[in-house]
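Only one structure is covered here, and it is reproduced in the block below.
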Amino acid sequence: MSRPVLVRREQVLRGGQPLAFGIGLCVALLVGLVLLVGSGHDPLRVYGRMFEASLGDPRAWSVTLNRAVPLGLAGLAVAVAGSMGLWNIGAEGQIMAGAIGAAWIARIGGEWPSPVLITAMLAAAILGGGLLALGPAVARARIGVNEIITTLMLNEVAIRLVQWLVHGRWKDPGSNNFPLAPMLPDNARLPGLFERAHFGVVLAGVVIALFGVAASRTAWGYELRVAGSSGATARYAGISLERKVMTVLILSGGVAGFAGGIELSGAADRITEGLSNGFGFAGIIVAALALMRPSGVAAVALLFGAVQIGGQSIQTMGVSSSVSTILQALILFGAIAAGVLSRYRVEMVAGEATEVTG
Amino acid sequence: MTDPHIPTSPVDATTGNPPAVEMLDVWKRFPGVVANAGANLRVRRGSVHAVLGENGAGKSTLMNVLSGVYRADEGEVRIDGTPYHFRTPADALDAGVGMVHQEFRLVPSFTVAENVALGACDRIVRRSAVESAVGALADRFGLATEPDRPVWQLSMGERQRVEILKALWRDARILVLDEPTAVLTPGEADELGAVLRHMADDGRTVVFISHKLHEVTGFCDEATVLRGGRTVAASLFVADTDATELASLMVGASPVVTERPPAREVGEVLLEVQDLRCPDDRGLAALDGLNLTVRSGEIVGIAGVAGNGQREMAQTIAGLRPVESGSVQLCGEDRTDATPRQRFADGLGYIPEDRLGVGLAPRLSVTDNAVLRTYGRHRRGPFLDAAGATDYCHDLVDRFGVRTGPLEEPIAGLSGGNLQRLLVGRELVDGPRVVVAAQPTRGLDVQGVKAIQDLLVSEREAGAAVLLVSEDLDELLTLADRLLVMHAGRIVAEFDPTTAERYVIGEAMIGHSSSASLASSDQGSSR
């Protein structure tokens, strides 16, 4: 009798992560093939449509890029904390907190010139997200409260807060009693870039690049890496762990809040309870696939965005939304599984102790 | 003394049974380290057998081979006369060998009964049935425990009883305990001794790893002593020996490899510790009024049985552990409350005992590790000057003979000896005034040991004050200008290494304050 076990490779396979992505994609498409044939669709047409709708022409690219913006920023938020071994599971709520901050500025600054208003909105968004992460950051740094739990639970708080606002205080008097906040004024909208892409694509790219440089080239990033490698080593090197944990978690919340501000100002008409749309949770997957590196986050977010947009587009062909969601999940599963296999190999071992005769 | 190269004699002379455990000529190599170099062990069924040796003697490795955690490179393991090749701990358990590790493997939120039965219940059973079965098993062996208590509420001693119950529940006939008393209070240790005795009387076999001699003489039947990965004394009857003989076997009298450096003039006091007190991780007193001074141009050696405050002493001097009272002075200034970085700037080089967990960051590159202490110097505004850091690392690696791959690769690929050269080089490259080295040569191969020892001696020649903590008495006797013995968080004796007798040092290490420790009263300030 023998059974398979995972054995850590001596060396990670060269180019492991991009390669893993490719392999994962192919396996997922093959499994999806069975699924599509089983549900009575022509898989080639479906796949063709997915590709066309997400990456086929400039317009498709613009939609995919817009989707990649919140995914990438949420992924960055998780990766910033993750590079120190911390898990910010609260990006979903921090996106909402950021959107609340931005929406509030838009309410009071309706007459301001557009660049001023948008800058103020985005600053408020960063503050809002950071503020939501403040509690977990202090609790973690000072008394070691697990940040996974605290950030996760604050998601509910932020989402309910938006509900409360749109059902009450911020309800549009002209909305025929629907629980809707008023539309954003035009000067609160991010300018367009090309086709449907908005200027947030550039802002997100800049922020991700900025963090990439900070993580790899600055003393701050170095300290982060040391602290992420071993807390005891960081103390030995004279790095204050408490302060690092605080700044990193608050910054992580700020980045997620920024994503909320961009999403509100660039893609949404108004603040709604569906604004965060699972981006915060998807960001965890993005960060994990990018191995917590800012440089990888942009690429993963783009792929993730393309899969989402492509998956949605095939629903108009009569493919049920469940099948499209399963396809999306398969692709990500494939990428993750292949990522593991680039670090481990499968070895068969005997199931029982071999007794030597004699 | 027994011949270490025991010929195979398959049966016990008195009972006619084969030995419960036989390990023959076991070799186990790790990168840069030979942990077992032909170790032998024979354990009589129904006995409590001590495996003795200093840290790095290969005790834990040998026991991990016996319990299936490691596979031996060469050699044979026989259980009740039958040869086995264990691939996993589960294989060993099937053959009746259960191990209680130093680090407990328990689920804190589960109850005692749940932990004991975890993974070892054939089908779903009622909780109360498991609890009463575990309770009955515990009673049978005199292991006081409450099966329905969650493990997180238990003391270390109680948790250990749960680990022992786990092994008994899986019907282990041979129980291996890796330094079981390290986490126990003296009272708990005595209780454990009684339990082990009880199990042996029940026909089970206990293999007990320790370096505390009074426990061995207290409740073990036989003892095997390891040194340098080899068996130096096999299956001694404890009744026929005593702590002194065992101590000298443990520390050995092997020929000195490194030449003793010629004595030199000492200068001013550079490190002074006064009446230092601090608790250990469990809140018990680790340092209990520690006094010592180290002068420019001398190496002061600290000998002692592990767990008598040596770790905490090094950590408090380095600024990594808060003190309760007392003071630490570096170069004549009170630095009791200074941060590790300030102390480094004052000229304190610190070589921590835990290389990969404290001294180095294993996931980072060689360069990143080389600048761990000095990265502030490579700053350009907020940026780090990567080229400057790489040059610095190049110099360091060249000067201290560290063999590395590409400098931007993680250090995890380096051998133990090269890791330590990198770490020691980083601490010494600036010419520190005070060097604290904790177990700097532990686990290294012969060349690695020599290289590190030579570095420490050259620091002494350059006028540094060197405090050397080591469990290798040969090393201390060779390198130290003065030898202090630490016991229970205090310096209890001082010796001149050129004249001191080994066995007298050994007695002082185990806390027997005999004639030799006269100097203990006030050696801190005298010289």
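Ordered as shown in the structure tokens, chains take letters A, B, and onward, while each chain numbers its residues from 1 and ligands are numbered from 1 in the order shown.
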Interface list for chain B, partner chain A, 7 Å threshold, only C-alpha atoms, as a ChimeraX atom specification:
/B:83-87,91,320,339-341,357-363,372-373,379,382-384
May I have the selected residues written with N, CA and C atoms, as a CSV table (one decimal), in the first residue's frame?
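Done, and the output landed in selection.csv:
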chain,number,residue,atom,x,y,z
B,83,PRO,N,14.3,-6.0,13.9
B,83,PRO,CA,14.8,-4.8,13.2
B,83,PRO,C,13.6,-4.1,12.5
B,84,TYR,N,13.7,-2.7,12.6
B,84,TYR,CA,12.7,-1.9,12.0
B,84,TYR,C,13.3,-0.8,11.2
B,85,HIS,N,12.7,-0.3,10.1
B,85,HIS,CA,13.0,1.0,9.5
B,85,HIS,C,11.8,1.9,9.6
B,86,PHE,N,11.8,2.7,10.6
B,86,PHE,CA,10.7,3.6,10.7
B,86,PHE,C,10.7,4.8,9.7
B,87,ARG,N,9.6,5.1,9.1
B,87,ARG,CA,9.6,6.2,8.1
B,87,ARG,C,8.8,7.4,8.7
B,91,ASP,N,4.7,4.9,12.3
B,91,ASP,CA,5.3,3.6,12.2
B,91,ASP,C,5.9,3.2,13.5
B,320,LEU,N,17.6,42.6,25.3
B,320,LEU,CA,16.5,42.0,24.7
B,320,LEU,C,15.5,41.4,25.7
B,339,THR,N,18.3,50.6,24.6
B,339,THR,CA,17.8,49.7,23.6
B,339,THR,C,18.9,48.8,22.9
B,340,PRO,N,18.6,47.7,22.3
B,340,PRO,CA,19.6,46.9,21.7
B,340,PRO,C,20.5,47.7,20.7
B,341,ARG,N,19.8,48.7,20.0
B,341,ARG,CA,20.5,49.4,19.0
B,341,ARG,C,21.5,50.4,19.6
B,357,GLY,N,16.6,32.2,14.7
B,357,GLY,CA,15.4,32.8,15.2
B,357,GLY,C,15.6,34.2,15.7
B,358,VAL,N,16.9,34.6,16.1
B,358,VAL,CA,17.1,35.9,16.7
B,358,VAL,C,18.2,36.6,15.9
B,359,GLY,N,19.3,36.0,15.6
B,359,GLY,CA,20.5,36.6,15.1
B,359,GLY,C,20.4,36.9,13.6
B,360,LEU,N,19.6,36.1,12.9
B,360,LEU,CA,19.5,36.3,11.4
B,360,LEU,C,18.0,36.2,11.0
B,361,ALA,N,17.7,36.7,9.9
B,361,ALA,CA,16.4,36.6,9.3
B,361,ALA,C,16.4,35.6,8.2
B,362,PRO,N,15.9,34.4,8.4
B,362,PRO,CA,16.2,33.3,7.5
B,362,PRO,C,15.6,33.5,6.1
B,363,ARG,N,14.5,34.3,5.9
B,363,ARG,CA,13.9,34.4,4.6
B,363,ARG,C,14.6,35.6,3.8
B,372,LEU,N,21.9,44.0,8.9
B,372,LEU,CA,20.9,44.1,10.0
B,372,LEU,C,21.1,45.1,11.1
B,373,ARG,N,22.4,45.2,11.5
B,373,ARG,CA,22.7,46.1,12.6
B,373,ARG,C,23.0,47.5,12.1
B,379,ARG,N,21.5,54.5,4.5
B,379,ARG,CA,20.4,55.3,4.1
B,379,ARG,C,20.7,56.5,3.2
B,382,PRO,N,15.0,58.4,2.6
B,382,PRO,CA,14.2,57.3,2.9
B,382,PRO,C,14.7,56.0,2.3
B,383,PHE,N,15.6,56.1,1.3
B,383,PHE,CA,16.0,55.0,0.5
B,383,PHE,C,17.2,54.3,1.1
B,384,LEU,N,17.3,53.0,0.8
B,384,LEU,CA,18.5,52.2,1.2
B,384,LEU,C,19.4,52.2,0.0
Wanna dump the range 283-342 of chain B-range 187-211 of chain B contacts at 12 Å for me, each residue with its shortest atom pair and the distance in Å to one decimal, counting only C-alpha atoms, ordered by chain and number, as a Markdown table?
| residue | atom | partner | partner_atom | distance |
| --- | --- | --- | --- | --- |
| B:Gly304 | CA | B:His211 | CA | 11.0 |
| B:Val305 | CA | B:His211 | CA | 7.4 |
| B:Ala306 | CA | B:His211 | CA | 8.0 |
| B:Gly307 | CA | B:His211 | CA | 10.3 |
Write out as a CSV table (one decimal) with N, CA, C and O atoms, in the first residue's frame the residues lying within 12 Å of Ala204 in chain A, counting only C-alpha atoms and excluding same-chain residues fewer than 3 positions away.
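Once written, selection-v2.csv looks like this:
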chain,number,residue,atom,x,y,z
A,65,LEU,N,-10.0,46.9,-16.9
A,65,LEU,CA,-9.1,47.7,-16.1
A,65,LEU,C,-9.8,48.3,-15.0
A,65,LEU,O,-9.4,48.4,-13.8
A,66,ASN,N,-11.1,48.8,-15.3
A,66,ASN,CA,-11.9,49.4,-14.2
A,66,ASN,C,-12.1,48.4,-13.1
A,66,ASN,O,-12.1,48.8,-11.9
A,67,ARG,N,-12.3,47.2,-13.5
A,67,ARG,CA,-12.6,46.1,-12.5
A,67,ARG,C,-11.3,45.8,-11.7
A,67,ARG,O,-11.3,45.5,-10.5
A,68,ALA,N,-10.2,45.9,-12.4
A,68,ALA,CA,-8.9,45.5,-11.8
A,68,ALA,C,-8.5,46.5,-10.7
A,68,ALA,O,-7.7,46.2,-9.8
A,69,VAL,N,-9.0,47.8,-10.8
A,69,VAL,CA,-8.6,48.8,-9.9
A,69,VAL,C,-9.0,48.5,-8.4
A,69,VAL,O,-8.1,48.4,-7.6
A,70,PRO,N,-10.2,48.3,-8.1
A,70,PRO,CA,-10.5,47.9,-6.7
A,70,PRO,C,-9.9,46.6,-6.3
A,70,PRO,O,-9.4,46.5,-5.1
A,71,LEU,N,-9.8,45.6,-7.2
A,71,LEU,CA,-9.2,44.4,-6.9
A,71,LEU,C,-7.7,44.5,-6.5
A,71,LEU,O,-7.2,44.0,-5.6
A,72,GLY,N,-7.0,45.4,-7.3
A,72,GLY,CA,-5.6,45.6,-7.1
A,72,GLY,C,-5.3,46.3,-5.8
A,72,GLY,O,-4.4,46.0,-5.1
A,73,LEU,N,-6.1,47.4,-5.6
A,73,LEU,CA,-5.9,48.2,-4.4
A,73,LEU,C,-6.2,47.3,-3.1
A,73,LEU,O,-5.5,47.4,-2.1
A,74,ALA,N,-7.3,46.6,-3.2
A,74,ALA,CA,-7.6,45.7,-2.1
A,74,ALA,C,-6.6,44.7,-1.9
A,74,ALA,O,-6.1,44.4,-0.7
A,75,GLY,N,-6.1,44.1,-3.0
A,75,GLY,CA,-5.0,43.2,-2.9
A,75,GLY,C,-3.7,43.8,-2.3
A,75,GLY,O,-3.0,43.2,-1.5
A,76,LEU,N,-3.5,45.0,-2.7
A,76,LEU,CA,-2.3,45.7,-2.1
A,76,LEU,C,-2.5,45.9,-0.6
A,76,LEU,O,-1.5,45.7,0.2
A,77,ALA,N,-3.7,46.3,-0.2
A,77,ALA,CA,-4.0,46.5,1.2
A,77,ALA,C,-3.6,45.2,2.0
A,77,ALA,O,-2.9,45.3,3.0
A,122,LEU,N,-10.6,61.7,-1.9
A,122,LEU,CA,-9.7,60.6,-1.8
A,122,LEU,C,-9.0,60.6,-0.4
A,122,LEU,O,-8.7,59.5,0.2
A,198,HIS,N,-11.6,54.9,-16.3
A,198,HIS,CA,-11.6,56.2,-15.6
A,198,HIS,C,-10.1,56.4,-15.1
A,198,HIS,O,-9.3,55.5,-15.1
A,199,PHE,N,-9.9,57.6,-14.6
A,199,PHE,CA,-8.6,58.0,-14.2
A,199,PHE,C,-8.0,57.2,-13.0
A,199,PHE,O,-6.8,57.2,-12.7
A,200,GLY,N,-9.0,56.5,-12.3
A,200,GLY,CA,-8.5,55.7,-11.1
A,200,GLY,C,-7.5,54.6,-11.5
A,200,GLY,O,-6.7,54.2,-10.7
A,201,VAL,N,-7.6,54.2,-12.8
A,201,VAL,CA,-6.6,53.2,-13.3
A,201,VAL,C,-5.2,53.7,-13.1
A,201,VAL,O,-4.3,53.0,-12.6
A,207,VAL,N,-0.1,54.1,-7.1
A,207,VAL,CA,0.0,53.7,-5.7
A,207,VAL,C,0.6,52.4,-5.5
A,207,VAL,O,1.5,52.2,-4.7
A,208,ILE,N,0.3,51.5,-6.4
A,208,ILE,CA,0.9,50.1,-6.3
A,208,ILE,C,2.4,50.2,-6.6
A,208,ILE,O,3.2,49.6,-5.9
A,209,ALA,N,2.7,51.0,-7.6
A,209,ALA,CA,4.2,51.2,-7.9
A,209,ALA,C,4.9,51.8,-6.8
A,209,ALA,O,6.0,51.4,-6.4
A,210,LEU,N,4.3,52.8,-6.2
A,210,LEU,CA,4.9,53.5,-5.0
A,210,LEU,C,5.2,52.5,-3.9
A,210,LEU,O,6.3,52.5,-3.3
A,211,PHE,N,4.2,51.6,-3.6
A,211,PHE,CA,4.4,50.6,-2.6
A,211,PHE,C,5.5,49.6,-3.0
A,211,PHE,O,6.3,49.1,-2.1
A,255,VAL,N,-5.1,52.0,2.5
A,255,VAL,CA,-5.1,51.7,1.0
A,255,VAL,C,-6.5,51.1,0.6
A,255,VAL,O,-7.0,51.4,-0.5
A,256,ALA,N,-7.1,50.3,1.5
A,256,ALA,CA,-8.4,49.7,1.2
A,256,ALA,C,-9.4,50.9,1.1
A,256,ALA,O,-10.3,50.9,0.2
A,258,PHE,N,-8.8,53.9,0.3
A,258,PHE,CA,-8.5,54.6,-1.0
A,258,PHE,C,-9.3,53.9,-2.2
A,258,PHE,O,-9.9,54.5,-3.0
A,259,ALA,N,-9.3,52.5,-2.1
A,259,ALA,CA,-10.0,51.8,-3.1
A,259,ALA,C,-11.5,52.1,-3.1
A,259,ALA,O,-12.1,52.3,-4.2
A,260,GLY,N,-12.0,52.3,-1.9
A,260,GLY,CA,-13.4,52.7,-1.8
A,260,GLY,C,-13.7,54.0,-2.4
A,260,GLY,O,-14.7,54.2,-3.1
A,261,GLY,N,-12.8,55.0,-2.1
A,261,GLY,CA,-13.0,56.3,-2.7
A,261,GLY,C,-12.9,56.3,-4.2
A,261,GLY,O,-13.7,57.0,-4.9
A,262,ILE,N,-12.0,55.6,-4.8
A,262,ILE,CA,-11.8,55.5,-6.2
A,262,ILE,C,-13.0,54.9,-6.8
A,262,ILE,O,-13.6,55.3,-7.8
A,263,GLU,N,-13.5,53.8,-6.2
A,263,GLU,CA,-14.6,53.1,-6.7
A,263,GLU,C,-15.9,54.0,-6.7
A,263,GLU,O,-16.6,54.0,-7.7
A,266,GLY,N,-15.1,56.9,-9.3
A,266,GLY,CA,-14.8,56.5,-10.7
A,266,GLY,C,-15.9,55.7,-11.3
A,266,GLY,O,-16.3,55.8,-12.5
A,294,PRO,N,3.9,43.6,-3.8
A,294,PRO,CA,3.1,44.7,-4.6
A,294,PRO,C,3.3,44.5,-6.1
A,294,PRO,O,2.4,44.7,-6.9
A,297,VAL,N,0.8,42.1,-7.4
A,297,VAL,CA,-0.6,42.4,-7.2
A,297,VAL,C,-1.2,43.0,-8.5
A,297,VAL,O,-2.3,42.5,-8.8
A,298,ALA,N,-0.5,43.9,-9.2
A,298,ALA,CA,-1.1,44.5,-10.4
A,298,ALA,C,-1.5,43.4,-11.4
A,298,ALA,O,-2.6,43.4,-12.0
A,301,ALA,N,-4.3,41.2,-10.3
A,301,ALA,CA,-5.6,41.9,-10.3
A,301,ALA,C,-6.1,42.0,-11.7
A,301,ALA,O,-7.4,41.9,-11.9
A,302,LEU,N,-5.3,42.2,-12.6
A,302,LEU,CA,-5.7,42.3,-14.0
A,302,LEU,C,-6.3,41.0,-14.5
A,302,LEU,O,-7.4,41.0,-15.1
Using only C-alpha atoms, determine which residues lie at most 6 Å from Pro179 in chain A, disregarding the query and same-chain residues fewer than 5 positions distant; provide the list as number ranges by chain.
A: 166-167, 171
Given only C-alpha atoms as the counted atoms, nearest of B:Ala314, B:Ala464, B:Ala370, B:Ile510 to Gln439 in chain B
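Smallest separation from Gln439 in chain B among the options: B:Ala314.
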Shell of 9 Å around Met250 in chain B, only C-alpha atoms, local chain residues under 2 positions omitted, as a PDB file with N, CA, C and O atoms, in the first residue's frame:
ATOM      1  N   LEU B  52      22.155  10.490  28.651  1.00  0.00           N
ATOM      2  CA  LEU B  52      22.774  11.697  29.186  1.00  0.00           C
ATOM      3  C   LEU B  52      23.712  12.301  28.164  1.00  0.00           C
ATOM      4  O   LEU B  52      24.313  11.582  27.374  1.00  0.00           O
ATOM      5  N   GLY B  53      23.877  13.596  28.232  1.00  0.00           N
ATOM      6  CA  GLY B  53      24.870  14.233  27.377  1.00  0.00           C
ATOM      7  C   GLY B  53      24.635  15.726  27.387  1.00  0.00           C
ATOM      8  O   GLY B  53      23.550  16.196  27.718  1.00  0.00           O
ATOM      9  N   GLU B  54      25.664  16.471  26.994  1.00  0.00           N
ATOM     10  CA  GLU B  54      25.511  17.915  26.917  1.00  0.00           C
ATOM     11  C   GLU B  54      24.689  18.268  25.694  1.00  0.00           C
ATOM     12  O   GLU B  54      24.453  17.423  24.829  1.00  0.00           O
ATOM     13  N   ALA B  57      25.232  16.856  22.023  1.00  0.00           N
ATOM     14  CA  ALA B  57      25.857  15.539  22.108  1.00  0.00           C
ATOM     15  C   ALA B  57      25.153  14.541  21.205  1.00  0.00           C
ATOM     16  O   ALA B  57      25.682  13.458  20.950  1.00  0.00           O
ATOM     17  N   HIS B 211      19.992  16.216  31.157  1.00  0.00           N
ATOM     18  CA  HIS B 211      21.357  16.497  31.559  1.00  0.00           C
ATOM     19  C   HIS B 211      21.399  16.937  33.007  1.00  0.00           C
ATOM     20  O   HIS B 211      22.356  17.545  33.442  1.00  0.00           O
ATOM     21  N   VAL B 225      25.684   7.415  28.204  1.00  0.00           N
ATOM     22  CA  VAL B 225      26.200   8.772  28.062  1.00  0.00           C
ATOM     23  C   VAL B 225      26.678   8.989  26.629  1.00  0.00           C
ATOM     24  O   VAL B 225      27.427   8.173  26.088  1.00  0.00           O
ATOM     25  N   LEU B 226      26.202  10.059  26.013  1.00  0.00           N
ATOM     26  CA  LEU B 226      26.640  10.422  24.663  1.00  0.00           C
ATOM     27  C   LEU B 226      27.540  11.647  24.736  1.00  0.00           C
ATOM     28  O   LEU B 226      27.342  12.527  25.564  1.00  0.00           O
ATOM     29  N   ARG B 227      28.521  11.672  23.850  1.00  0.00           N
ATOM     30  CA  ARG B 227      29.333  12.883  23.708  1.00  0.00           C
ATOM     31  C   ARG B 227      29.771  12.976  22.260  1.00  0.00           C
ATOM     32  O   ARG B 227      30.249  11.995  21.689  1.00  0.00           O
ATOM     33  N   VAL B 232      29.734   7.121  24.803  1.00  0.00           N
ATOM     34  CA  VAL B 232      30.986   6.994  25.538  1.00  0.00           C
ATOM     35  C   VAL B 232      30.836   6.060  26.728  1.00  0.00           C
ATOM     36  O   VAL B 232      31.818   5.586  27.271  1.00  0.00           O
ATOM     37  N   GLU B 245      31.049  10.807  38.464  1.00  0.00           N
ATOM     38  CA  GLU B 245      31.546  10.025  37.334  1.00  0.00           C
ATOM     39  C   GLU B 245      30.757  10.358  36.070  1.00  0.00           C
ATOM     40  O   GLU B 245      31.326  10.532  34.989  1.00  0.00           O
ATOM     41  N   LEU B 246      29.420  10.464  36.228  1.00  0.00           N
ATOM     42  CA  LEU B 246      28.588  10.779  35.071  1.00  0.00           C
ATOM     43  C   LEU B 246      28.947  12.151  34.507  1.00  0.00           C
ATOM     44  O   LEU B 246      29.029  12.338  33.291  1.00  0.00           O
ATOM     45  N   ALA B 247      29.179  13.113  35.393  1.00  0.00           N
ATOM     46  CA  ALA B 247      29.519  14.467  34.938  1.00  0.00           C
ATOM     47  C   ALA B 247      30.807  14.443  34.139  1.00  0.00           C
ATOM     48  O   ALA B 247      30.915  15.071  33.084  1.00  0.00           O
ATOM     49  N   SER B 248      31.802  13.711  34.612  1.00  0.00           N
ATOM     50  CA  SER B 248      33.075  13.714  33.890  1.00  0.00           C
ATOM     51  C   SER B 248      32.929  12.975  32.565  1.00  0.00           C
ATOM     52  O   SER B 248      33.588  13.306  31.591  1.00  0.00           O
ATOM     53  N   GLY B 252      33.727  14.976  29.334  1.00  0.00           N
ATOM     54  CA  GLY B 252      34.817  14.331  28.646  1.00  0.00           C
ATOM     55  C   GLY B 252      36.171  14.880  29.021  1.00  0.00           C
ATOM     56  O   GLY B 252      36.298  15.859  29.748  1.00  0.00           O
TER      57      GLY B 252
END
Got a sec: who's within 8 Å of range 59-75 of chain B, counting only C-alpha atoms, leaving out chain neighbours fewer than 2 positions off, as a ChimeraX atom specification?
/B:23-29,35-36,38-39,51-53,55-57,77,85-93,97-99,176,178,209,226,229
